[in-house]
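Below is one structure, written out as structure tokens; the observations come after it.
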Amino acid sequence: MNRTQMLAALEGLLYIAGDDGLKPEEIASFFEIAVDEANDLVESLSDMYDNSIRGITIINTANSYKMTTKKEFIEMYRKLYVDINKSKLTNATLEVLAVVGYKQPITRAEIEDIRGTNSDNIIRRLLAMSLIKEIGRLDTPGRPIIYGTTNDFLDYFNLSSLEELPELLDNIDIDEEMEQDLFSNLAKFDIK
Amino acid sequence: MNRTQMLAALEGLLYIAGDDGLKPEEIASFFEIAVDEANDLVESLSDMYDNSIRGITIINTANSYKMTTKKEFIEMYRKLYVDINKSKLTNATLEVLAVVGYKQPITRAEIEDIRGTNSDNIIRRLLAMSLIKEIGRLDTPGRPIIYGTTNDFLDYFNLSSLEELPELLDNIDIDEEMEQDLFSNLAKFDIK
Amino acid sequence: MEYKVKIDEFEGPLDLLLYLIKEAKISIDKINVSEITQQYINFIHEMENLNLEIASEYLVMAAYLTFIKSKMMLPKANIDNEDIDFEENPEEKLKRRLKLYKLFKDIIPYFEEQERTRGNFITKIPTDLSSEFKLETKEILEKNASVYDLLSAFNKVMRRYILHKPLKTKIRQQSISIDERIIELKSILKTKNHLIFTELFNDETTKEFIIVTFMAVLELSKEKIIKINQDQLFDDIYLDYIEKNEAGVEYNE
């Protein structure tokens, strides 16, 4: 299979996969190439889409490449579609998501401690939206549930991985504090 | 909007429509042009796809234009479907299962309405796998079959009952008054 | 002092405190706890005067602030040295908590921006290949999907449902003419000879669509393709297809 054919086949594969997307590793295994080469192949296809006559493009969220429409025409498509992303998450919800995103694995008590306010209902909503999930229980009295973010979280915020999150504006005192917390917590975790 | 932009917007539009495709009238209404012009536009886009570097193409079936993958790469698509999905329920199957799990008792028509796509094959497969079963018939014209999940479904997802399914968003009342436990609040602020 | 903001605009007592600190134009490190306590309590009183509901956690914070304030006023000399080493000064602790909370508040715009960006890209439903390639049942069941996969799949379907529902109804129903609707009605009536007028609509039906349908029904009746029946006023209206033989001559009538 030559490169032209590979590009064509990749286009078909991405079309079929739709919003499930394809992981670089999956693409590599299809074509029996290295992951680097797979990324390269996607890059080439993406470059071809970078043309004013094309209406589709490729994004990478949750470590999956996805074929999507170009953002230039979003307003046109919005005329016809009620875009789910128009109903933005509330500030309180974003706060909880940010705390979980940065401080996972984390318990409800720890989230509430940082926010200084009851967060029970928001956590339930985020679980139901599959933006966060239960990832285990602490091995402390009461065995509290610990939470982490999901692939849907990465996709929702257009992130390919958690490493893409920008660093919190640093404050040395706080970083030290949190690191201590993290270590003592890690020791306590009982993740399955 | 010039023709290049229209072609690009049309490509995106056909992509979103996916396997359902779009009628010439729908395309005409989207761009606010005549049906003839719409057919013309699709023709131009279709010509551009007639290129060996492309893996998708535009076909016209049942008076609908739709994107589809080129047949040359059918073996790749089989690989995508069989290899990638071997280790887990395919996403489409999982979707149907989720809809039945949460919305049972449910008819095939209702499942298809929610998913926006034909689900006949998948329902038959789930029946064969005894993850879902027929639980009766609706007392409406045509007496459609209603489906529900089985004990195997519970086993498969490690649930002891359907109540253990994670809560859905619409079951959570947004305005629900958060329960304020004064004692837990006191603990939060470290007052003894 | 008049407050332009109301208590329900805050996410909690820490949020309110950050607001008061910002209003005072000082940094968290420089706050004077007794001053901020006074402002906090004034704000709470103001809200109470406006008959706004104050969640208990705000009152708890008021008590906590008062506690810090009073502790600061006590002479420190008599406290055991060891205690000083191990117990964080409550004032410092409050500042630390405010700073930590502020870190997350400050990152919110980033998440909002990312949310907006992702909203600009639309992806399609994965193509269903299940009819094209057969897969062994056994193969599918090899590994358990988790119940979270199930929930995530359900959410995906519902997101798409919301996304796609208006497209179908809007494009179809906005653009339909009486002539087109007549053709549709004819094909519906061919498969279903007898139906109730309201069966021609669903929940998403627009007013225009009902009017177009009604006109089409009248037209079909005029052309003697259907018969319209109603037993009594406000009863269901029935539409009956009038079968024709090959020569186009009506049976009965």
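Residue numbering restarts at 1 in every chain; chains get A, B, ... in the order shown in the structure tokens, and ligands count up from 1 in that same order.
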
Distance table requested - chain C against chain A, cut-off 6 Å, only C-alpha atoms: one row per qualifying residue with the closest atom pair and its distance in Å to one decimal, ordered by chain and rising residue number, as CSV.
```
residue,atom,partner,partner_atom,distance
C:Gly12,CA,A:Thr117,CA,5.3
C:Leu14,CA,A:Gly116,CA,5.9
C:Tyr101,CA,A:Ile114,CA,5.8
C:Gln114,CA,A:Phe157,CA,4.9
C:Glu115,CA,A:Phe157,CA,4.9
C:Arg118,CA,A:Asn158,CA,5.2
C:Gly119,CA,A:Asn85,CA,5.1
C:Asn120,CA,A:Lys71,CA,5.0
C:Phe121,CA,A:Thr69,CA,5.5
C:Ile122,CA,A:Thr68,CA,5.2
C:Thr123,CA,A:Thr68,CA,4.6
C:Lys124,CA,A:Gly18,CA,4.9
C:Ile125,CA,A:Gly18,CA,5.4
C:Pro126,CA,A:Gly18,CA,4.3
C:Thr127,CA,A:Ile16,CA,4.8
C:Ser152,CA,A:Ser130,CA,5.6
C:Leu163,CA,A:Val82,CA,5.3
C:Leu167,CA,A:Leu80,CA,5.2
```

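Superposing chain A on chain B by least squares over every C-alpha atom, paired in order, leaves an RMSD of 18.7 Å.
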
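Excluding stretch 21-24 of chain C itself and same-chain residues fewer than 2 positions from it, the residues having an atom within 12 Å of it are C:Tyr3, C:Lys4, C:Val5, C:Leu14, C:Asp15, C:Leu16, C:Leu17, C:Leu18, C:Tyr19, C:Ile26, C:Ser27, C:Ile28, C:Asp29, C:Lys30, C:Ile31, C:Asn32, C:Val33, C:Glu35, C:Ile36, C:Thr37, C:Gln39, C:Tyr40, C:Lys95, C:Leu98, C:Lys99, C:Lys102, counting only C-alpha atoms.
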
Within 6 Å of chain B, which residues belong to chain A? Use only C-alpha atoms and report them as a PDB file with all heavy atoms, in the first residue's frame.
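This is the output file result-v9.pdb:
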```pdb
ATOM      1  N   THR A   4      -0.340   7.322  -0.928  1.00  0.00           N
ATOM      2  CA  THR A   4      -1.604   7.883  -1.420  1.00  0.00           C
ATOM      3  C   THR A   4      -2.776   7.005  -0.999  1.00  0.00           C
ATOM      4  O   THR A   4      -3.796   7.481  -0.513  1.00  0.00           O
ATOM      5  CB  THR A   4      -1.575   7.982  -2.961  1.00  0.00           C
ATOM      6  OG1 THR A   4      -0.440   8.752  -3.327  1.00  0.00           O
ATOM      7  CG2 THR A   4      -2.830   8.629  -3.490  1.00  0.00           C
ATOM      8  N   ALA A   8      -5.911   7.787   1.581  1.00  0.00           N
ATOM      9  CA  ALA A   8      -7.312   7.587   1.197  1.00  0.00           C
ATOM     10  C   ALA A   8      -8.002   6.645   2.174  1.00  0.00           C
ATOM     11  O   ALA A   8      -9.126   6.902   2.637  1.00  0.00           O
ATOM     12  CB  ALA A   8      -7.386   7.050  -0.225  1.00  0.00           C
ATOM     13  N   ALA A   9      -7.313   5.556   2.522  1.00  0.00           N
ATOM     14  CA  ALA A   9      -7.894   4.591   3.454  1.00  0.00           C
ATOM     15  C   ALA A   9      -8.126   5.240   4.817  1.00  0.00           C
ATOM     16  O   ALA A   9      -9.156   5.029   5.462  1.00  0.00           O
ATOM     17  CB  ALA A   9      -6.976   3.380   3.600  1.00  0.00           C
ATOM     18  N   GLU A  11      -8.707   8.356   5.405  1.00  0.00           N
ATOM     19  CA  GLU A  11      -9.873   9.240   5.317  1.00  0.00           C
ATOM     20  C   GLU A  11     -11.166   8.439   5.503  1.00  0.00           C
ATOM     21  O   GLU A  11     -12.067   8.847   6.239  1.00  0.00           O
ATOM     22  CB  GLU A  11      -9.901   9.969   3.962  1.00  0.00           C
ATOM     23  CG  GLU A  11     -11.035  10.961   3.856  1.00  0.00           C
ATOM     24  CD  GLU A  11     -10.982  11.801   2.594  1.00  0.00           C
ATOM     25  OE1 GLU A  11     -10.813  11.226   1.508  1.00  0.00           O
ATOM     26  OE2 GLU A  11     -11.112  13.028   2.696  1.00  0.00           O
ATOM     27  N   GLY A  12     -11.231   7.283   4.841  1.00  0.00           N
ATOM     28  CA  GLY A  12     -12.409   6.426   4.982  1.00  0.00           C
ATOM     29  C   GLY A  12     -12.580   5.935   6.410  1.00  0.00           C
ATOM     30  O   GLY A  12     -13.683   5.921   6.949  1.00  0.00           O
ATOM     31  N   ILE A  53     -11.308  25.058   0.030  1.00  0.00           N
ATOM     32  CA  ILE A  53     -12.405  24.364  -0.645  1.00  0.00           C
ATOM     33  C   ILE A  53     -12.920  23.188   0.192  1.00  0.00           C
ATOM     34  O   ILE A  53     -13.963  22.627  -0.090  1.00  0.00           O
ATOM     35  CB  ILE A  53     -11.969  23.909  -2.066  1.00  0.00           C
ATOM     36  CG1 ILE A  53     -13.194  23.895  -2.996  1.00  0.00           C
ATOM     37  CG2 ILE A  53     -11.258  22.573  -2.045  1.00  0.00           C
ATOM     38  CD1 ILE A  53     -12.836  24.059  -4.449  1.00  0.00           C
ATOM     39  N   ARG A  54     -12.177  22.850   1.246  1.00  0.00           N
ATOM     40  CA  ARG A  54     -12.566  21.719   2.091  1.00  0.00           C
ATOM     41  C   ARG A  54     -13.390  22.179   3.296  1.00  0.00           C
ATOM     42  O   ARG A  54     -13.119  23.226   3.860  1.00  0.00           O
ATOM     43  CB  ARG A  54     -11.324  20.948   2.579  1.00  0.00           C
ATOM     44  CG  ARG A  54     -10.429  20.440   1.458  1.00  0.00           C
ATOM     45  CD  ARG A  54     -11.186  19.574   0.466  1.00  0.00           C
ATOM     46  NE  ARG A  54     -11.895  18.492   1.116  1.00  0.00           N
ATOM     47  CZ  ARG A  54     -11.375  17.312   1.333  1.00  0.00           C
ATOM     48  NH1 ARG A  54     -10.151  17.039   0.964  1.00  0.00           N
ATOM     49  NH2 ARG A  54     -12.080  16.381   1.913  1.00  0.00           N
ATOM     50  N   GLY A  55     -14.355  21.380   3.664  1.00  0.00           N
ATOM     51  CA  GLY A  55     -15.233  21.741   4.782  1.00  0.00           C
ATOM     52  C   GLY A  55     -15.045  20.868   5.998  1.00  0.00           C
ATOM     53  O   GLY A  55     -15.706  21.034   7.004  1.00  0.00           O
ATOM     54  N   ILE A  56     -14.121  19.888   5.899  1.00  0.00           N
ATOM     55  CA  ILE A  56     -13.882  19.030   7.058  1.00  0.00           C
ATOM     56  C   ILE A  56     -12.444  19.171   7.521  1.00  0.00           C
ATOM     57  O   ILE A  56     -11.568  19.642   6.792  1.00  0.00           O
ATOM     58  CB  ILE A  56     -14.217  17.537   6.771  1.00  0.00           C
ATOM     59  CG1 ILE A  56     -13.572  17.073   5.453  1.00  0.00           C
ATOM     60  CG2 ILE A  56     -15.703  17.311   6.746  1.00  0.00           C
ATOM     61  CD1 ILE A  56     -13.883  15.621   5.094  1.00  0.00           C
ATOM     62  N   THR A  69     -16.416  18.988  11.246  1.00  0.00           N
ATOM     63  CA  THR A  69     -16.629  20.100  10.324  1.00  0.00           C
ATOM     64  C   THR A  69     -15.698  21.241  10.703  1.00  0.00           C
ATOM     65  O   THR A  69     -15.263  21.342  11.841  1.00  0.00           O
ATOM     66  CB  THR A  69     -18.079  20.593  10.398  1.00  0.00           C
ATOM     67  OG1 THR A  69     -18.363  20.943  11.760  1.00  0.00           O
ATOM     68  CG2 THR A  69     -19.042  19.531   9.932  1.00  0.00           C
ATOM     69  N   ARG A 125     -24.451  15.541  39.297  1.00  0.00           N
ATOM     70  CA  ARG A 125     -24.729  15.943  37.918  1.00  0.00           C
ATOM     71  C   ARG A 125     -23.563  15.602  36.997  1.00  0.00           C
ATOM     72  O   ARG A 125     -23.746  15.122  35.884  1.00  0.00           O
ATOM     73  CB  ARG A 125     -25.011  17.450  37.841  1.00  0.00           C
ATOM     74  CG  ARG A 125     -26.345  17.838  38.454  1.00  0.00           C
ATOM     75  CD  ARG A 125     -26.543  19.343  38.416  1.00  0.00           C
ATOM     76  NE  ARG A 125     -26.520  19.872  37.063  1.00  0.00           N
ATOM     77  CZ  ARG A 125     -27.490  19.718  36.180  1.00  0.00           C
ATOM     78  NH1 ARG A 125     -28.575  19.057  36.512  1.00  0.00           N
ATOM     79  NH2 ARG A 125     -27.393  20.222  34.975  1.00  0.00           N
ATOM     80  N   ALA A 128     -23.537  11.984  36.281  1.00  0.00           N
ATOM     81  CA  ALA A 128     -24.590  11.633  35.329  1.00  0.00           C
ATOM     82  C   ALA A 128     -24.235  12.084  33.914  1.00  0.00           C
ATOM     83  O   ALA A 128     -24.649  11.472  32.941  1.00  0.00           O
ATOM     84  CB  ALA A 128     -25.914  12.251  35.763  1.00  0.00           C
TER      85      ALA A 128
END
```

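Separating atom CA of A:Ile135 from atom CA of A:Thr107 is a distance of 10.1 Å.
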
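Inside stretch 129-165 of chain A, the residues DSSP reads as strand (DSSP E or B) when given the backbone are Ile132, Lys133, Glu134, Ile135, Gly136, Arg137, Leu138, Ile145, Ile146, Tyr147, Gly148 and Thr149 of chain A.
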
Residues of the last selection are to be written out with N, CA and C atoms, as a short mmCIF file (atom, residue, chain, number, x, y, z; two decimals), in the first residue's frame.
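File produced: part_24.cif:
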```
data_model
loop_
_atom_site.label_atom_id
_atom_site.label_comp_id
_atom_site.auth_asym_id
_atom_site.auth_seq_id
_atom_site.Cartn_x
_atom_site.Cartn_y
_atom_site.Cartn_z
N ILE A 132 -17.18 13.09 35.03
CA ILE A 132 -16.31 12.52 36.05
C ILE A 132 -16.82 11.11 36.37
N LYS A 133 -15.98 10.32 37.02
CA LYS A 133 -16.43 8.98 37.40
C LYS A 133 -15.78 8.57 38.72
N GLU A 134 -16.38 7.57 39.34
CA GLU A 134 -15.79 7.02 40.55
C GLU A 134 -14.62 6.15 40.12
N ILE A 135 -13.46 6.36 40.76
CA ILE A 135 -12.32 5.53 40.34
C ILE A 135 -11.82 4.64 41.46
N GLY A 136 -12.47 4.67 42.60
CA GLY A 136 -12.06 3.80 43.69
C GLY A 136 -12.56 4.34 45.01
N ARG A 137 -12.01 3.79 46.08
CA ARG A 137 -12.39 4.27 47.41
C ARG A 137 -11.14 4.43 48.26
N LEU A 138 -11.18 5.43 49.12
CA LEU A 138 -10.08 5.64 50.05
C LEU A 138 -10.11 4.56 51.11
N ILE A 145 -15.58 7.63 48.47
CA ILE A 145 -15.38 7.44 47.03
C ILE A 145 -14.38 8.48 46.53
N ILE A 146 -13.49 8.06 45.62
CA ILE A 146 -12.61 9.04 44.99
C ILE A 146 -13.00 9.18 43.52
N TYR A 147 -12.88 10.40 43.04
CA TYR A 147 -13.33 10.73 41.70
C TYR A 147 -12.18 11.12 40.78
N GLY A 148 -12.39 10.90 39.51
CA GLY A 148 -11.44 11.33 38.49
C GLY A 148 -12.21 11.74 37.24
N THR A 149 -11.51 12.33 36.28
CA THR A 149 -12.19 12.76 35.06
C THR A 149 -12.26 11.60 34.06
#
```

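The shortest atom-to-atom distance to A:Val100, with only C-alpha atoms taken into account, belongs to A:Ile123 out of A:Ala28, A:Met1, A:Ala34, A:Ile123.
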
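If you look at atom CA of A:Pro24 and atom CA of A:Leu162, they are 16.6 Å away from each other.
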
Atomic separation - atom CA of C:Leu103 relative to atom CA of C:Lys69, Å
25.2 Å

Out of stretch 95-180 of chain A, which residues get alpha helix (DSSP H) from DSSP, as a PyMOL selection string?
chain A and resi 95-103+108-115+120-128+151-156+172-180
